[in-house]
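**Q** My structure is below; once you've seen it, I'll send some questions.
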Amino acid sequence: MAVESDLAPPLSPPVPGRGPGNLSDRLTSVLRHDLPASIVVFLVALPLSLGIALASGAPVLAGLIAAVIGGIVAGTLGGSVLQVSGPAAGLTVVVAESIDKFGWKVTGFIVVAAGVLQIIFGLSRIARAALAVAPVVVHAMLAGIGVTIALQQVHVLLGGSSHSSAWNNITELPGQLMSLHGGDALVGAVVIAVMLGWKYAPEKIRVVPGPLVAVFVGTVLSMVLPTEVERIVLEGSLFDAIGLPEIPDGGWSAVALMVLTIALIASVESLLSAVAVDKMHNGRRTNFDRELIGQGSANVLSGLLGGLPVTGVIVRSATNVQAGARSRASAIMHGVWVLLFSVALTAVVQQIPKAALAGLLIVIGIQLVKLAHIKLARRTGDLLVYSATILGVVFLNLLEGVLIGLLLAFGLLLWRVVKVAITAKPIPQSQRWMVTIDGSCTFLALPKLSAELAKVPAGADVTVEMTVDFLDHAAFEAIEEWVRQQEHGGGSVEFVEIGTARMADALTGPPARGFGRAVWDEILGPWRHEDKHPNPLAAGVAAFHRSHAHVVRPHLDGLAHQQDPHSFFLTCSDSRIVPNVITNSGPGDLFTVRNVGNLVPETGDASVEAALVFALEELNVRSVVVCGHSSCGAMKALYSGADAGPGIGPWLAHAHPSLDRFRAGHPVAEAARAAGYGEVDQLSMVNVALQLETLHRHPAVRRAVAERGVRVSGLFFDIGSARVVEVTIDGLAHIDDVDERPVPELV
């Protein structure tokens with residue numbers, strides 16, 4: 001038995017995220033796919049790691065240390081095969097705050113502790129709980145981080161230094177503009193222009209990562225400018241930057257809060273990035289618990305060696321997938337390339353202007369504010385949560401901003417959950433009143449409930465339609481008291497309970513939220529349950545009167561003296577076929593004829609003939625439909641050739657042409673076979689096609705098609721999958737969604 005694992009990948013064609021079968025094939029795949037992808041990711045990660053370290057106020061080489069460890073350690077131990085980890089812009093603000101409050105060495109200790117906490121999260125198997133954070137809060141958090149980074153780095157781009165708060169960065173900006181350094185500003189502006197314009201470059205040129213090109217152009221420009229520009233300063237080599245963290249000498253509550261903040265943000269960002277990466281390929285899905293263990297291990301080592309916090313980074317991960325990576329070897333090798341560069345080419349790093357990295361970070365920060373996320377928040381009614389979160393992150397701090405967003409999101413959720421729509425109004429052309437209660441009916445709804453019920457005149461006859469999924473005792477008692485008063489005044493109250501929470505159950509135990517399946521069971525009737533009703537038809541009629549008669553009554557009232565169906569619908573007598581359900585139609589829409597095998601005999605059946613002519617010439621239907629189905633008993637008998645008996649045999653003789661055409665290799669049978677249907681179902685489809693041919697030869701049908709454009713079509717209902725396929729005279733066709741509503745934007 002083949003066991004799927006990283007060490008023994010499955011014996012299947014290689015796809016992204018899934019390795020080939022044997023060692024030789026795996027090595028070939030690594031050299032062909034993962035090696036080139038790792039180089040591309042390395043070229044993207046290098047300038048980003050330097051820029052994030054600079055923006056955090058950490059030693060520049062700390063960004064490279066984190067990139068090396070993120071690639072090698074998280075790439076090896078993580079649960080996402082194609083995710084690439086390293087220092088991320090999402091933690092820049094938090095790290096900068098930690099360094100400002102505790103110093104760089106203590107921040108290293110905080111990173112180690114956050115990593116340990118992540119490992120505990122992973123071992124506790126609670127990784128998926130991090131995904132329970134409202135997406136609008138995550139989107140706004142990233143946008144707030146982006147705005148904060150942009151406000152900080154615009155000062156660096158202009159030749160100055162960033163300030164401690166977003167408010168100071170805003171208020172000091174006019175003064176910075178008055179004293180800008182021309183060389184730095186020009187280099188930063190060129191980098192921004194290259195970054196923004198790179199997506200318009202020819203596709204062959206865009207193979208080279210935009211961030212690398214932008215920083216390279218900015219560096220070359222700084223070397224030819226007649227003025228000086230401020231450059232990156234490295235204090236020694238990468239190995240010189242390695243240093244153990246320091247244990248705090250006090251303020252443990254603040255340290256613990258910072259540890260929790262970094263651990264939570266790093267975990268959520270990594271898991272959300274992994275989810276996004278999973279959507280980009282068809283290979284092995286992420287093991288979220290293992291991913292947190294891998295991320296935590298990387299952070300422990302990064303903090304011990306003097307690196308920045310590590311998270312999964314969507315920019316690098318998306319680049320990895322798009323570059324054709326097939327396994328975790330790409331992420332690991334990208335870390336190796338960063339290590340080799342950091343050791344051998346530190347002199348090159350010191351030629352990079354700070355303004356070039358500032359321009360790079362400004363673009364990255366702006367890109368974190370996504371217009372699609374703002375539009376989505378507006379469409380879903382979450383714009384207040386989005387706005388409050390982003391303002392909190394920018395002007396307070398990241399943790400407080402996120403907490404504000406989560407509290408608002410929870411409050412909005414609570415309001416939506418307990419929200420109930422209640423109306424009371426007279427029924428037109430009737431002496432009755434209609435009271436509708438829709439939603440969760442709790443004590444919070446009592447003011448609105450009492451106000452609406454007070455509109456009903458005393459002694460009036462009332463229908464109360466309750467589509468309620470939760471009913472507490474307070475609301476039940478209020479309704480019961482109103483009913484008592486109404487009946488005392490001579491009126492009557494009829495309850496129509498469509499929802500899952502029922503008045504009769506309100507006092508049998510604690511209130512509980514019902515489930516939608518109960519509604520479907522109520523619609524289908526008592527025969528769905530094991531306790532068969534002795535008179536199921538009577539029970540069904542009673543349920544109809546109780547729950548749905550009032551809903552269809554207004555529609556049926558308009559059909560009381562005439563019908564206007566749009567389709568003549570011929571289908572099998574099989575009890576499993578419910579025409580109005582599979583066509584989503586209602587009373588008065590279908591003129592239905594049923595017989596064994598859904599046959600249209602050319603001679604010998606006056607019933608089908610009379611119904612067809614009446615539908616076409618008296619009712620003026622606009623379409624004629626023949627519908628077959630899977631596991632048809634008539635087709636099974638026809639296919640097997642068994643004696644169907646004196647009652648059915650003569651009738652099935654009308655279907656013998658269908659059997660002959662099936663055996664001769666009808667194109668509909670070929671199409672059905674290719675789609676995976678069995679032979680009896682293939683015969684059923686061929687039978688539908690032949691009934692269509694018969695209909696097209698019918699004089700009344702030909703006349704209706706020519707004069708009124710009547711459409712003749714065939715359907716096949718696959719009972720097991722509850723799917724309907726269109727059958728034509730010579731093939732099959734999928735019935736696509738013809739709804740013209742706009743498709744929601746994917747973000």
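Identifiers in the structure tokens: chain A, B, ... in order shown; residue index from 1 per chain; ligand index from 1 in order shown.
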Leaving out region 359-369 of chain A and any residue of its chain fewer than 6 positions from it, which residues lie within 8 Å of it when counting only C-alpha atoms, given as a list in words?
**A** Leu48, Gly51, Ile52, Ala89, Ala140, Leu142, Ala143, Gly144, Ile145, Gly146, Val147, Thr148, Ile149, Ala150, Leu151, Gln153, Val154, Leu157, Gly188, Ala189, Val191, Ile192, Met195, Leu196, Pro211, Ala214 and Val215 of chain A
**Q** Based on DSSP run over this structure's backbone, return all residues of region 324-529 of chain A in helix (DSSP H, G or I), as a ChimeraX atom specification.
**A** /A:329-344,346-349,354-367,371-379,383-395,398-418,443-453,473-488,503-505,516-524,526-528
**Q** List the neighbours of Phe569 (chain A) out to 9 Å using only C-alpha atoms; skip same-chain residues closer than 3 positions along the sequence, and give me the result as a ChimeraX atom specification.
**A** /A:579,590-594,623-627
**Q** Take the residues that were just selected and, keeping all heavy atoms, output them as a PDB file, in the first residue's frame.
**A**
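What ended up in part.pdb:
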```
ATOM      1  N   PRO A 579     -41.703  16.990 -11.094  1.00  0.00           N
ATOM      2  CA  PRO A 579     -41.393  17.990 -12.131  1.00  0.00           C
ATOM      3  C   PRO A 579     -41.221  19.404 -11.614  1.00  0.00           C
ATOM      4  O   PRO A 579     -40.304  20.114 -12.027  1.00  0.00           O
ATOM      5  CB  PRO A 579     -42.595  17.872 -13.081  1.00  0.00           C
ATOM      6  CG  PRO A 579     -43.064  16.465 -12.916  1.00  0.00           C
ATOM      7  CD  PRO A 579     -42.858  16.151 -11.470  1.00  0.00           C
ATOM      8  N   LEU A 590     -46.563  24.212 -15.312  1.00  0.00           N
ATOM      9  CA  LEU A 590     -46.359  23.024 -16.145  1.00  0.00           C
ATOM     10  C   LEU A 590     -47.694  22.326 -16.414  1.00  0.00           C
ATOM     11  O   LEU A 590     -48.478  22.090 -15.486  1.00  0.00           O
ATOM     12  CB  LEU A 590     -45.410  22.033 -15.464  1.00  0.00           C
ATOM     13  CG  LEU A 590     -44.016  22.530 -15.073  1.00  0.00           C
ATOM     14  CD1 LEU A 590     -43.231  21.405 -14.413  1.00  0.00           C
ATOM     15  CD2 LEU A 590     -43.261  23.068 -16.279  1.00  0.00           C
ATOM     16  N   PHE A 591     -47.932  21.986 -17.690  1.00  0.00           N
ATOM     17  CA  PHE A 591     -49.049  21.123 -18.060  1.00  0.00           C
ATOM     18  C   PHE A 591     -48.459  19.726 -18.191  1.00  0.00           C
ATOM     19  O   PHE A 591     -47.813  19.401 -19.188  1.00  0.00           O
ATOM     20  CB  PHE A 591     -49.663  21.598 -19.386  1.00  0.00           C
ATOM     21  CG  PHE A 591     -50.952  20.904 -19.735  1.00  0.00           C
ATOM     22  CD1 PHE A 591     -52.139  21.271 -19.118  1.00  0.00           C
ATOM     23  CD2 PHE A 591     -50.983  19.895 -20.677  1.00  0.00           C
ATOM     24  CE1 PHE A 591     -53.333  20.639 -19.430  1.00  0.00           C
ATOM     25  CE2 PHE A 591     -52.164  19.260 -21.000  1.00  0.00           C
ATOM     26  CZ  PHE A 591     -53.348  19.625 -20.375  1.00  0.00           C
ATOM     27  N   THR A 592     -48.641  18.902 -17.166  1.00  0.00           N
ATOM     28  CA  THR A 592     -47.863  17.676 -17.012  1.00  0.00           C
ATOM     29  C   THR A 592     -48.653  16.440 -17.438  1.00  0.00           C
ATOM     30  O   THR A 592     -49.820  16.277 -17.069  1.00  0.00           O
ATOM     31  CB  THR A 592     -47.423  17.511 -15.545  1.00  0.00           C
ATOM     32  OG1 THR A 592     -46.709  18.679 -15.144  1.00  0.00           O
ATOM     33  CG2 THR A 592     -46.521  16.297 -15.392  1.00  0.00           C
ATOM     34  N   VAL A 593     -47.971  15.587 -18.215  1.00  0.00           N
ATOM     35  CA  VAL A 593     -48.495  14.282 -18.591  1.00  0.00           C
ATOM     36  C   VAL A 593     -47.473  13.240 -18.164  1.00  0.00           C
ATOM     37  O   VAL A 593     -46.274  13.399 -18.424  1.00  0.00           O
ATOM     38  CB  VAL A 593     -48.751  14.188 -20.111  1.00  0.00           C
ATOM     39  CG1 VAL A 593     -49.195  12.775 -20.493  1.00  0.00           C
ATOM     40  CG2 VAL A 593     -49.797  15.207 -20.538  1.00  0.00           C
ATOM     41  N   ARG A 594     -47.918  12.168 -17.513  1.00  0.00           N
ATOM     42  CA  ARG A 594     -46.997  11.139 -17.041  1.00  0.00           C
ATOM     43  C   ARG A 594     -47.448   9.783 -17.566  1.00  0.00           C
ATOM     44  O   ARG A 594     -48.639   9.460 -17.552  1.00  0.00           O
ATOM     45  CB  ARG A 594     -46.930  11.124 -15.513  1.00  0.00           C
ATOM     46  CG  ARG A 594     -46.609  12.476 -14.911  1.00  0.00           C
ATOM     47  CD  ARG A 594     -46.448  12.399 -13.410  1.00  0.00           C
ATOM     48  NE  ARG A 594     -45.213  11.728 -13.038  1.00  0.00           N
ATOM     49  CZ  ARG A 594     -44.429  12.098 -12.015  1.00  0.00           C
ATOM     50  NH1 ARG A 594     -44.764  13.148 -11.290  1.00  0.00           N
ATOM     51  NH2 ARG A 594     -43.340  11.426 -11.729  1.00  0.00           N
ATOM     52  N   SER A 623     -43.197  25.846 -24.722  1.00  0.00           N
ATOM     53  CA  SER A 623     -42.189  24.813 -24.878  1.00  0.00           C
ATOM     54  C   SER A 623     -42.807  23.444 -24.636  1.00  0.00           C
ATOM     55  O   SER A 623     -43.790  23.317 -23.891  1.00  0.00           O
ATOM     56  CB  SER A 623     -41.009  25.032 -23.918  1.00  0.00           C
ATOM     57  OG  SER A 623     -41.412  24.828 -22.578  1.00  0.00           O
ATOM     58  N   VAL A 624     -42.213  22.444 -25.287  1.00  0.00           N
ATOM     59  CA  VAL A 624     -42.624  21.057 -25.135  1.00  0.00           C
ATOM     60  C   VAL A 624     -41.410  20.289 -24.640  1.00  0.00           C
ATOM     61  O   VAL A 624     -40.344  20.334 -25.268  1.00  0.00           O
ATOM     62  CB  VAL A 624     -43.139  20.468 -26.461  1.00  0.00           C
ATOM     63  CG1 VAL A 624     -43.458  18.983 -26.304  1.00  0.00           C
ATOM     64  CG2 VAL A 624     -44.369  21.233 -26.936  1.00  0.00           C
ATOM     65  N   VAL A 625     -41.556  19.585 -23.516  1.00  0.00           N
ATOM     66  CA  VAL A 625     -40.415  18.952 -22.866  1.00  0.00           C
ATOM     67  C   VAL A 625     -40.707  17.472 -22.639  1.00  0.00           C
ATOM     68  O   VAL A 625     -41.807  17.113 -22.207  1.00  0.00           O
ATOM     69  CB  VAL A 625     -40.095  19.623 -21.509  1.00  0.00           C
ATOM     70  CG1 VAL A 625     -38.889  18.956 -20.850  1.00  0.00           C
ATOM     71  CG2 VAL A 625     -39.859  21.110 -21.688  1.00  0.00           C
ATOM     72  N   VAL A 626     -39.704  16.634 -22.933  1.00  0.00           N
ATOM     73  CA  VAL A 626     -39.754  15.218 -22.573  1.00  0.00           C
ATOM     74  C   VAL A 626     -38.643  14.976 -21.556  1.00  0.00           C
ATOM     75  O   VAL A 626     -37.486  15.333 -21.803  1.00  0.00           O
ATOM     76  CB  VAL A 626     -39.555  14.299 -23.790  1.00  0.00           C
ATOM     77  CG1 VAL A 626     -39.587  12.833 -23.355  1.00  0.00           C
ATOM     78  CG2 VAL A 626     -40.624  14.564 -24.833  1.00  0.00           C
ATOM     79  N   CYS A 627     -38.975  14.381 -20.413  1.00  0.00           N
ATOM     80  CA  CYS A 627     -37.991  14.186 -19.349  1.00  0.00           C
ATOM     81  C   CYS A 627     -37.909  12.715 -18.968  1.00  0.00           C
ATOM     82  O   CYS A 627     -38.887  12.122 -18.498  1.00  0.00           O
ATOM     83  CB  CYS A 627     -38.365  15.024 -18.118  1.00  0.00           C
ATOM     84  SG  CYS A 627     -37.219  14.854 -16.741  1.00  0.00           S
TER      85      CYS A 627
END
```
**Q** Contacts of Ala704 (chain A) at 12 Å or less, counting only C-alpha atoms, minus same-chain residues fewer than 3 places along, as a PyMOL selection string?
**A** chain A and resi 612-613+615-624+695-701+707-712
**Q** Write out as a VMD selection string all residues of region 376-599 of chain A that DSSP puts in strand (DSSP E or B) for this structure's backbone.
**A** chain A and resid 420 to 426 433 to 441 462 to 471 493 to 497 567 to 572 590 to 595
**Q** I'd like the contact shell of Glu452 (chain A) - 7 Å cut-off, only C-alpha atoms, skipping same-chain residues fewer than 5 positions apart - returned as a PyMOL selection string.
**A** chain A and resi 422-424
**Q** Work out how far CA of Asp461 (chain A) is from CA of Ser430 (chain A), in Å to one decimal.
**A**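 If I compute the distance from CA of Ser430 (chain A) to CA of Asp461 (chain A), I get 10.0 Å.
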**Q** Rounded to one decimal, what separation in Å do you get between CA of Trp651 (chain A) and CA of Gly731 (chain A)?
**A**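 Separation of CA of Trp651 (chain A) and CA of Gly731 (chain A): 26.1 Å.
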**Q** Any idea what's packed within 7 Å of Val483 (chain A), counting only C-alpha atoms, ignoring anything in its chain fewer than 4 positions away? Could you give it as a ChimeraX atom specification?
**A** /A:479,487,493
**Q** Write out as a PyMOL selection string the residues lying within 10 Å of Arg231 (chain A), counting only C-alpha atoms and excluding same-chain residues fewer than 2 positions away.
**A** chain A and resi 184+219+222+228-229+233-234+349-357
**Q** CA of Ser162 (chain A) to CA of Val310 (chain A): how many Å, to one decimal?
**A** 23.5 Å
**Q** Nearest residue to Thr28 (chain A) out of A:Thr311, A:Ser327, A:Thr171, A:Thr319, using only C-alpha atoms?
**A**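 So, comparing all the options, the nearest one is A:Ser327.
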**Q** Could you check which of A:Arg26, A:Pro587, A:Gly63, A:Met258 is closest to Val552 (chain A), using only C-alpha atoms?
**A** A:Pro587
**Q** Would you mind telling me which residue in A:Leu264, A:Val596, A:Leu292, A:Asp382 lies nearest to Gly649 (chain A) when using only C-alpha atoms?
**A**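 When distances to Gly649 (chain A) are compared using only C-alpha atoms, the smallest one comes from A:Val596.
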